[in-house]
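What follows is the content of final_10.txt (compact mmCIF, N, CA and C atoms).
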# COMPACT_ATOMS: atom_id res chain seq x y z
N MET A 122 0.84 -1.18 0.00
CA MET A 122 0.00 0.00 0.00
C MET A 122 0.89 1.25 0.00
N VAL A 123 0.44 2.29 -0.65
CA VAL A 123 1.16 3.54 -0.75
C VAL A 123 0.81 4.41 0.47
N SER A 124 1.83 5.00 1.09
CA SER A 124 1.57 5.88 2.24
C SER A 124 1.47 7.33 1.76
N LEU A 125 0.83 8.14 2.57
CA LEU A 125 0.70 9.56 2.23
C LEU A 125 2.06 10.24 2.16
N ASN A 126 3.03 9.79 2.95
CA ASN A 126 4.37 10.37 2.90
C ASN A 126 4.99 10.25 1.51
N GLN A 127 4.57 9.27 0.75
CA GLN A 127 5.09 9.07 -0.60
C GLN A 127 4.34 9.91 -1.63
N LEU A 128 3.24 10.56 -1.22
CA LEU A 128 2.38 11.25 -2.18
C LEU A 128 2.24 12.75 -1.99
N ILE A 129 2.30 13.21 -0.74
CA ILE A 129 2.09 14.64 -0.49
C ILE A 129 3.20 15.21 0.39
N LYS A 130 3.38 16.51 0.27
CA LYS A 130 4.42 17.19 1.05
C LYS A 130 3.90 17.68 2.40
N HIS A 131 2.60 17.67 2.59
CA HIS A 131 2.02 18.14 3.85
C HIS A 131 2.53 17.28 5.01
N GLU A 132 2.86 17.95 6.11
CA GLU A 132 3.27 17.27 7.33
C GLU A 132 2.47 17.84 8.50
N ALA A 133 2.49 17.13 9.61
CA ALA A 133 1.82 17.63 10.81
C ALA A 133 2.41 18.99 11.17
N PRO A 134 1.62 19.91 11.61
CA PRO A 134 0.19 19.80 11.94
C PRO A 134 -0.73 20.14 10.76
N MET A 135 -0.17 20.42 9.59
CA MET A 135 -1.00 20.82 8.45
C MET A 135 -1.60 19.66 7.67
N ARG A 136 -1.16 18.44 7.91
CA ARG A 136 -1.76 17.31 7.21
C ARG A 136 -3.06 16.95 7.91
N LEU A 137 -4.16 17.07 7.17
CA LEU A 137 -5.48 16.80 7.73
C LEU A 137 -6.02 15.43 7.33
N ILE A 138 -5.48 14.83 6.28
CA ILE A 138 -5.94 13.51 5.85
C ILE A 138 -5.01 12.45 6.45
N ASP A 139 -5.55 11.25 6.64
CA ASP A 139 -4.80 10.21 7.34
C ASP A 139 -4.37 9.03 6.48
N LYS A 140 -5.12 8.77 5.42
CA LYS A 140 -4.86 7.53 4.68
C LYS A 140 -5.18 7.71 3.20
N PHE A 141 -4.30 7.18 2.35
CA PHE A 141 -4.57 7.07 0.93
C PHE A 141 -5.19 5.69 0.72
N VAL A 142 -6.43 5.65 0.24
CA VAL A 142 -7.15 4.39 0.07
C VAL A 142 -6.91 3.81 -1.32
N SER A 143 -7.08 4.65 -2.35
CA SER A 143 -6.89 4.18 -3.72
C SER A 143 -6.73 5.36 -4.65
N GLY A 144 -6.26 5.06 -5.87
CA GLY A 144 -6.10 6.11 -6.85
C GLY A 144 -5.84 5.58 -8.24
N THR A 145 -5.97 6.48 -9.21
CA THR A 145 -5.60 6.25 -10.59
C THR A 145 -4.86 7.52 -11.02
N ASP A 146 -4.60 7.66 -12.31
CA ASP A 146 -3.94 8.88 -12.74
C ASP A 146 -4.87 10.09 -12.72
N LEU A 147 -6.17 9.90 -12.53
CA LEU A 147 -7.13 11.01 -12.50
C LEU A 147 -7.96 11.10 -11.22
N HIS A 148 -7.79 10.18 -10.30
CA HIS A 148 -8.71 10.05 -9.18
C HIS A 148 -7.97 9.64 -7.91
N ALA A 149 -8.46 10.10 -6.77
CA ALA A 149 -7.93 9.63 -5.48
C ALA A 149 -9.07 9.51 -4.47
N HIS A 150 -8.89 8.55 -3.58
CA HIS A 150 -9.80 8.34 -2.45
C HIS A 150 -8.93 8.31 -1.21
N CYS A 151 -9.18 9.24 -0.31
CA CYS A 151 -8.44 9.31 0.96
C CYS A 151 -9.43 9.28 2.12
N GLN A 152 -8.91 9.11 3.32
CA GLN A 152 -9.74 9.13 4.51
C GLN A 152 -9.12 10.05 5.56
N ALA A 153 -9.99 10.62 6.36
CA ALA A 153 -9.57 11.42 7.51
C ALA A 153 -10.38 10.97 8.72
N VAL A 154 -9.69 10.68 9.81
CA VAL A 154 -10.33 10.41 11.08
C VAL A 154 -10.07 11.63 11.95
N ILE A 155 -11.12 12.28 12.36
CA ILE A 155 -11.01 13.56 13.06
C ILE A 155 -10.62 13.34 14.52
N SER A 156 -9.61 14.11 14.95
CA SER A 156 -9.16 14.01 16.34
C SER A 156 -9.08 15.40 16.97
N ALA A 157 -9.11 15.41 18.29
CA ALA A 157 -9.08 16.67 19.03
C ALA A 157 -7.72 17.36 18.95
N ASP A 158 -6.68 16.65 18.50
CA ASP A 158 -5.37 17.30 18.38
C ASP A 158 -5.18 17.96 17.01
N ASN A 159 -6.20 17.95 16.17
CA ASN A 159 -6.15 18.60 14.87
C ASN A 159 -6.03 20.11 15.05
N LEU A 160 -5.22 20.74 14.23
CA LEU A 160 -4.99 22.17 14.28
C LEU A 160 -6.28 22.98 14.20
N PHE A 161 -7.28 22.49 13.48
CA PHE A 161 -8.52 23.22 13.28
C PHE A 161 -9.66 22.77 14.19
N TYR A 162 -9.36 21.89 15.14
CA TYR A 162 -10.37 21.39 16.07
C TYR A 162 -10.98 22.55 16.86
N ARG A 163 -12.30 22.52 17.00
CA ARG A 163 -13.02 23.50 17.80
C ARG A 163 -13.86 22.75 18.82
N GLU A 164 -13.56 23.00 20.09
CA GLU A 164 -14.23 22.28 21.19
C GLU A 164 -15.74 22.46 21.13
N GLN A 165 -16.20 23.68 20.86
CA GLN A 165 -17.64 23.94 20.84
C GLN A 165 -18.35 23.14 19.75
N LEU A 166 -17.63 22.72 18.73
CA LEU A 166 -18.21 21.91 17.65
C LEU A 166 -17.95 20.41 17.84
N ASN A 167 -17.04 20.08 18.75
CA ASN A 167 -16.55 18.72 18.91
C ASN A 167 -16.05 18.18 17.57
N GLY A 168 -15.28 19.02 16.88
CA GLY A 168 -14.75 18.61 15.60
C GLY A 168 -14.19 19.78 14.81
N LEU A 169 -14.13 19.60 13.50
CA LEU A 169 -13.62 20.63 12.60
C LEU A 169 -14.78 21.38 11.96
N PRO A 170 -14.68 22.70 11.85
CA PRO A 170 -15.75 23.46 11.19
C PRO A 170 -15.98 22.98 9.76
N ALA A 171 -17.18 23.13 9.29
CA ALA A 171 -17.56 22.65 7.96
C ALA A 171 -16.64 23.17 6.85
N HIS A 172 -16.15 24.41 6.98
CA HIS A 172 -15.34 24.98 5.90
C HIS A 172 -13.99 24.27 5.74
N THR A 173 -13.54 23.51 6.72
CA THR A 173 -12.28 22.78 6.58
C THR A 173 -12.40 21.64 5.57
N GLY A 174 -13.61 21.33 5.16
CA GLY A 174 -13.80 20.32 4.12
C GLY A 174 -13.07 20.68 2.84
N VAL A 175 -12.96 21.97 2.55
CA VAL A 175 -12.23 22.41 1.35
C VAL A 175 -10.77 21.96 1.43
N GLU A 176 -10.16 22.09 2.60
CA GLU A 176 -8.76 21.66 2.74
C GLU A 176 -8.64 20.14 2.71
N LEU A 177 -9.60 19.42 3.24
CA LEU A 177 -9.59 17.95 3.12
C LEU A 177 -9.60 17.56 1.64
N MET A 178 -10.42 18.25 0.87
CA MET A 178 -10.49 18.00 -0.57
C MET A 178 -9.18 18.36 -1.26
N ALA A 179 -8.62 19.51 -0.91
CA ALA A 179 -7.37 19.97 -1.54
C ALA A 179 -6.23 18.99 -1.25
N GLN A 180 -6.16 18.46 -0.05
CA GLN A 180 -5.10 17.50 0.26
C GLN A 180 -5.33 16.17 -0.47
N THR A 181 -6.56 15.82 -0.71
CA THR A 181 -6.85 14.62 -1.50
C THR A 181 -6.44 14.85 -2.95
N ILE A 182 -6.62 16.06 -3.46
CA ILE A 182 -6.13 16.39 -4.80
C ILE A 182 -4.61 16.27 -4.83
N ALA A 183 -3.95 16.74 -3.79
CA ALA A 183 -2.49 16.60 -3.72
C ALA A 183 -2.09 15.13 -3.77
N ALA A 184 -2.84 14.28 -3.08
CA ALA A 184 -2.55 12.84 -3.10
C ALA A 184 -2.77 12.27 -4.50
N ALA A 185 -3.82 12.75 -5.20
CA ALA A 185 -4.06 12.30 -6.58
C ALA A 185 -2.89 12.68 -7.48
N ALA A 186 -2.42 13.92 -7.34
CA ALA A 186 -1.28 14.37 -8.15
C ALA A 186 -0.02 13.60 -7.80
N GLY A 187 0.18 13.36 -6.51
CA GLY A 187 1.34 12.59 -6.07
C GLY A 187 1.30 11.17 -6.59
N TYR A 188 0.12 10.58 -6.60
CA TYR A 188 -0.02 9.22 -7.11
C TYR A 188 0.28 9.18 -8.61
N ARG A 189 -0.22 10.18 -9.34
CA ARG A 189 0.06 10.27 -10.77
C ARG A 189 1.58 10.38 -11.00
N ASN A 190 2.23 11.24 -10.24
CA ASN A 190 3.68 11.39 -10.38
C ASN A 190 4.41 10.08 -10.04
N ARG A 191 3.92 9.39 -9.05
CA ARG A 191 4.52 8.09 -8.67
C ARG A 191 4.39 7.09 -9.83
N LEU A 192 3.23 7.07 -10.48
CA LEU A 192 3.04 6.18 -11.63
C LEU A 192 4.02 6.50 -12.75
N ARG A 193 4.38 7.76 -12.87
CA ARG A 193 5.30 8.22 -13.93
C ARG A 193 6.75 8.22 -13.46
N ASP A 194 6.98 7.75 -12.24
CA ASP A 194 8.32 7.73 -11.64
C ASP A 194 8.91 9.14 -11.56
N GLU A 195 8.05 10.10 -11.17
CA GLU A 195 8.46 11.49 -11.01
C GLU A 195 8.34 11.87 -9.53
N PRO A 196 9.07 12.90 -9.10
CA PRO A 196 8.97 13.32 -7.69
C PRO A 196 7.65 14.03 -7.39
N ILE A 197 7.33 14.11 -6.10
CA ILE A 197 6.17 14.88 -5.65
C ILE A 197 6.42 16.34 -5.98
N LYS A 198 5.37 17.02 -6.44
CA LYS A 198 5.48 18.44 -6.78
C LYS A 198 4.52 19.26 -5.90
N ILE A 199 4.84 20.54 -5.76
CA ILE A 199 3.94 21.40 -5.02
C ILE A 199 2.75 21.78 -5.90
N GLY A 200 1.68 22.14 -5.24
CA GLY A 200 0.49 22.60 -5.93
C GLY A 200 -0.17 23.68 -5.10
N PHE A 201 -1.04 24.43 -5.73
CA PHE A 201 -1.70 25.55 -5.06
C PHE A 201 -3.20 25.47 -5.27
N LEU A 202 -3.94 25.65 -4.19
CA LEU A 202 -5.38 25.77 -4.26
C LEU A 202 -5.70 27.20 -4.66
N LEU A 203 -6.35 27.37 -5.81
CA LEU A 203 -6.69 28.70 -6.29
C LEU A 203 -8.07 29.15 -5.82
N GLY A 204 -8.97 28.20 -5.66
CA GLY A 204 -10.32 28.56 -5.22
C GLY A 204 -11.26 27.40 -5.34
N SER A 205 -12.46 27.62 -4.83
CA SER A 205 -13.49 26.58 -4.90
C SER A 205 -14.75 27.18 -5.51
N ARG A 206 -15.53 26.31 -6.12
CA ARG A 206 -16.82 26.71 -6.67
C ARG A 206 -17.87 25.78 -6.12
N LYS A 207 -18.97 26.38 -5.72
CA LYS A 207 -20.14 25.62 -5.30
C LYS A 207 -19.85 24.68 -4.14
N TYR A 208 -19.07 25.12 -3.15
CA TYR A 208 -18.86 24.28 -1.97
C TYR A 208 -20.15 24.23 -1.16
N THR A 209 -20.63 23.04 -0.95
CA THR A 209 -21.79 22.83 -0.09
C THR A 209 -21.44 21.79 0.95
N CYS A 210 -21.96 21.99 2.14
CA CYS A 210 -21.71 21.06 3.23
C CYS A 210 -22.99 20.96 4.05
N SER A 211 -23.48 19.75 4.23
CA SER A 211 -24.74 19.55 4.93
C SER A 211 -24.59 19.34 6.43
N ILE A 212 -23.36 19.40 6.92
CA ILE A 212 -23.13 19.22 8.36
C ILE A 212 -22.43 20.46 8.92
N GLU A 213 -22.61 20.69 10.21
CA GLU A 213 -21.99 21.84 10.87
C GLU A 213 -20.50 21.62 11.12
N ALA A 214 -20.14 20.33 11.34
CA ALA A 214 -18.75 20.03 11.69
C ALA A 214 -18.42 18.59 11.31
N PHE A 215 -17.13 18.37 11.07
CA PHE A 215 -16.60 17.02 10.89
C PHE A 215 -16.24 16.54 12.30
N LYS A 216 -17.02 15.60 12.83
CA LYS A 216 -17.00 15.26 14.25
C LYS A 216 -15.81 14.39 14.66
N THR A 217 -15.33 14.65 15.87
CA THR A 217 -14.22 13.92 16.46
C THR A 217 -14.54 12.42 16.53
N GLY A 218 -13.56 11.63 16.13
CA GLY A 218 -13.69 10.17 16.17
C GLY A 218 -14.34 9.56 14.95
N GLU A 219 -14.87 10.38 14.08
CA GLU A 219 -15.55 9.88 12.88
C GLU A 219 -14.58 9.82 11.69
N CYS A 220 -14.82 8.85 10.81
CA CYS A 220 -14.02 8.67 9.61
C CYS A 220 -14.79 9.24 8.41
N TYR A 221 -14.11 10.05 7.63
CA TYR A 221 -14.70 10.65 6.44
C TYR A 221 -13.91 10.20 5.21
N ASP A 222 -14.62 9.84 4.17
CA ASP A 222 -14.02 9.43 2.90
C ASP A 222 -14.05 10.63 1.97
N ILE A 223 -12.88 10.97 1.41
CA ILE A 223 -12.76 12.12 0.53
C ILE A 223 -12.37 11.64 -0.85
N PHE A 224 -13.10 12.10 -1.86
CA PHE A 224 -12.87 11.69 -3.25
C PHE A 224 -12.56 12.92 -4.09
N ALA A 225 -11.57 12.80 -4.96
CA ALA A 225 -11.22 13.89 -5.88
C ALA A 225 -10.99 13.28 -7.26
N GLU A 226 -11.60 13.90 -8.26
CA GLU A 226 -11.45 13.43 -9.64
C GLU A 226 -11.18 14.61 -10.55
N GLU A 227 -10.11 14.52 -11.32
CA GLU A 227 -9.77 15.59 -12.26
C GLU A 227 -10.78 15.59 -13.39
N ILE A 228 -11.40 16.75 -13.63
CA ILE A 228 -12.40 16.84 -14.70
C ILE A 228 -11.96 17.75 -15.83
N HIS A 229 -10.90 18.53 -15.60
CA HIS A 229 -10.35 19.37 -16.66
C HIS A 229 -8.91 19.71 -16.32
N ALA A 230 -8.04 19.67 -17.32
CA ALA A 230 -6.63 20.02 -17.11
C ALA A 230 -6.11 20.82 -18.30
N GLU A 231 -5.33 21.84 -17.99
CA GLU A 231 -4.68 22.67 -19.01
C GLU A 231 -3.19 22.33 -19.03
N PRO A 232 -2.53 22.44 -20.18
CA PRO A 232 -1.08 22.21 -20.23
C PRO A 232 -0.28 23.17 -19.32
N SER A 233 -0.88 24.32 -18.99
CA SER A 233 -0.22 25.31 -18.14
C SER A 233 -0.08 24.86 -16.69
N GLY A 234 -0.81 23.80 -16.31
CA GLY A 234 -0.77 23.33 -14.93
C GLY A 234 -2.05 23.62 -14.16
N LEU A 235 -2.99 24.34 -14.77
CA LEU A 235 -4.28 24.60 -14.14
C LEU A 235 -5.18 23.39 -14.30
N SER A 236 -5.89 23.03 -13.23
CA SER A 236 -6.82 21.89 -13.28
C SER A 236 -8.06 22.19 -12.46
N VAL A 237 -9.12 21.47 -12.78
CA VAL A 237 -10.36 21.53 -12.01
C VAL A 237 -10.67 20.11 -11.56
N PHE A 238 -10.99 19.98 -10.27
CA PHE A 238 -11.33 18.68 -9.70
C PHE A 238 -12.73 18.72 -9.12
N GLY A 239 -13.48 17.67 -9.38
CA GLY A 239 -14.75 17.47 -8.71
C GLY A 239 -14.47 16.68 -7.44
N CYS A 240 -14.95 17.17 -6.31
CA CYS A 240 -14.64 16.54 -5.02
C CYS A 240 -15.91 16.32 -4.22
N ARG A 241 -15.84 15.32 -3.35
CA ARG A 241 -16.93 15.10 -2.40
C ARG A 241 -16.37 14.43 -1.14
N ILE A 242 -17.09 14.62 -0.06
CA ILE A 242 -16.75 13.98 1.21
C ILE A 242 -17.97 13.17 1.62
N GLU A 243 -17.72 11.92 1.98
CA GLU A 243 -18.79 11.03 2.43
C GLU A 243 -18.56 10.62 3.87
N HIS A 244 -19.67 10.41 4.57
CA HIS A 244 -19.64 9.87 5.93
C HIS A 244 -20.66 8.74 5.97
N ASN A 245 -20.18 7.56 6.29
CA ASN A 245 -21.04 6.36 6.32
C ASN A 245 -21.81 6.18 5.02
N GLY A 246 -21.15 6.46 3.88
CA GLY A 246 -21.75 6.24 2.58
C GLY A 246 -22.64 7.35 2.06
N SER A 247 -22.86 8.39 2.84
CA SER A 247 -23.68 9.53 2.40
C SER A 247 -22.80 10.74 2.14
N THR A 248 -23.06 11.44 1.05
CA THR A 248 -22.30 12.65 0.73
C THR A 248 -22.69 13.76 1.70
N VAL A 249 -21.66 14.36 2.34
CA VAL A 249 -21.90 15.46 3.28
C VAL A 249 -21.32 16.79 2.77
N ALA A 250 -20.44 16.74 1.78
CA ALA A 250 -19.86 17.96 1.22
C ALA A 250 -19.46 17.72 -0.23
N GLU A 251 -19.59 18.76 -1.05
CA GLU A 251 -19.21 18.68 -2.46
C GLU A 251 -18.65 20.03 -2.90
N ALA A 252 -17.77 19.99 -3.90
CA ALA A 252 -17.23 21.23 -4.48
C ALA A 252 -16.47 20.90 -5.75
N ARG A 253 -16.21 21.94 -6.49
CA ARG A 253 -15.22 21.90 -7.58
C ARG A 253 -14.08 22.80 -7.14
N LEU A 254 -12.88 22.27 -7.19
CA LEU A 254 -11.72 23.04 -6.77
C LEU A 254 -10.82 23.33 -7.96
N ASN A 255 -10.35 24.56 -8.03
CA ASN A 255 -9.41 24.99 -9.05
C ASN A 255 -8.02 24.97 -8.42
N VAL A 256 -7.08 24.29 -9.07
CA VAL A 256 -5.74 24.15 -8.53
C VAL A 256 -4.71 24.45 -9.62
N TYR A 257 -3.49 24.73 -9.16
CA TYR A 257 -2.40 25.00 -10.08
C TYR A 257 -1.16 24.25 -9.62
N GLN A 258 -0.57 23.50 -10.54
CA GLN A 258 0.70 22.83 -10.28
C GLN A 258 1.68 23.32 -11.35
N PRO A 259 2.66 24.14 -10.91
CA PRO A 259 3.59 24.69 -11.90
C PRO A 259 4.37 23.60 -12.61
N PRO A 260 4.51 23.71 -13.94
CA PRO A 260 5.27 22.70 -14.69
C PRO A 260 6.73 22.61 -14.26
N ASP A 261 7.30 23.76 -13.90
CA ASP A 261 8.69 23.79 -13.44
C ASP A 261 8.70 24.39 -12.04
N GLU A 262 8.68 23.51 -11.04
CA GLU A 262 8.57 23.93 -9.65
C GLU A 262 9.72 24.86 -9.23
N ALA A 263 10.94 24.51 -9.56
CA ALA A 263 12.11 25.31 -9.16
C ALA A 263 12.04 26.71 -9.75
N ALA A 264 11.70 26.81 -11.02
CA ALA A 264 11.60 28.13 -11.66
C ALA A 264 10.48 28.95 -11.04
N PHE A 265 9.37 28.33 -10.74
CA PHE A 265 8.24 29.03 -10.13
C PHE A 265 8.63 29.59 -8.77
N ILE A 266 9.29 28.79 -7.95
CA ILE A 266 9.71 29.24 -6.62
C ILE A 266 10.72 30.38 -6.74
N GLU A 267 11.68 30.22 -7.62
CA GLU A 267 12.70 31.26 -7.81
C GLU A 267 12.07 32.56 -8.24
N GLU A 268 11.14 32.48 -9.18
CA GLU A 268 10.49 33.67 -9.72
C GLU A 268 9.58 34.36 -8.70
N ASN A 269 8.94 33.58 -7.85
CA ASN A 269 7.92 34.15 -6.96
C ASN A 269 8.31 34.28 -5.50
N TYR A 270 9.35 33.59 -5.06
CA TYR A 270 9.62 33.59 -3.62
C TYR A 270 11.06 33.94 -3.25
N GLU A 271 11.91 34.23 -4.18
CA GLU A 271 13.29 34.57 -3.82
C GLU A 271 13.62 35.99 -4.17

Translate the structure of the given file into structure tokens.
Amino acid sequence: MVSLNQLIKHEAPMRLIDKFVSGTDLHAHCQAVISADNLFYREQLNGLPAHTGVELMAQTIAAAAGYRNRLRDEPIKIGFLLGSRKYTCSIEAFKTGECYDIFAEEIHAEPSGLSVFGCRIEHNGSTVAEARLNVYQPPDEAAFIEENYE
């Protein structure tokens, strides 16, 4: 089985997903078990606020990209969440101790590195959140960092 360490650059405390379940070159399925030691945990909610679902989805997209790179024998690359469209969430919070299944599927990709992913989060087989996320993965990571951050 492939571990998340082999697929994404996120590390604690910013890693919100716990397990890579499956993937293809266009799709990933990950899981998150919510705990009180999570950076975004809110005691009054006994879990993570609903808006953190966007980051759960974004990290699952990162796992999808990492899995694709692994299939191509390429290194993990950085990516950027540009925005979300139509994020809906039917729950107030992702509750402590519960396991959530996160799915991300690439539905459009540009040669420039821009992509759109359809995402959803399920709990016990029912969809609790959905969105389309716009992401960017620079074709040349080193050049992008040099140009924008040095």

**Request:** Check chain A with DSSP on the backbone and list each residue it calls helix (DSSP H, G or I), as a PyMOL selection string.
**Result:** chain A and resi 125-127+164-166+171-192+262-270

**Request:** Might you pull out every residue within 8 Å of Val154 of chain A, with all atoms listed in the file counted and same-chain residues fewer than 5 positions away left off, and present them as a PyMOL selection string?
**Result:** chain A and resi 137-140+215-222

**Asked** How would you write, as number ranges by chain, the set of residues in chain A that DSSP gives as strand (DSSP E or B)?
**Response** A: 140-144, 148-154, 163, 168-170, 201-210, 214-216, 220-230, 235-244, 247-257

**Message:** Let me make sure I understand: among A:Leu166, A:Val123, A:Val249, A:Val256, which one has the smallest atom-to-atom distance to Gly200 of chain A if we use all atoms listed in the file?
**Reply:**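 For Gly200 of chain A, the nearest of the candidates is A:Val256.
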
**Request:** Using only C-alpha atoms, find the one residue out of A:Ser205, A:Thr145, A:Ser211, A:Ser247 that sits nearest to Pro170 of chain A.
**Result:**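 Using only C-alpha atoms, Pro170 of chain A sits closest to A:Ser211.
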
**Spatial neighbours of Thr181 of chain A, 10 Å, only C-alpha atoms, chain gap at least 3 places, as an MDAnalysis selection string** = chainID A and resid 125 128:129 137:138 140:141 148:153 175:178 184:187 222:226 240

**Request:** May I ask for the distance between atom CA of Asn255 of chain A and atom C of Asp158 of chain A, given in Å to one decimal place?
**Result:**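 About the pair atom CA of Asn255 of chain A and atom C of Asp158 of chain A: they are 27.3 Å apart.
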
**Request:** Tell me, as number ranges by chain, which residues lie within 8 Å of Arg136 of chain A, counting all atoms listed in the file; anything in the same chain fewer than 6 positions away does not count.
**Result:** A: 130, 159-160, 180
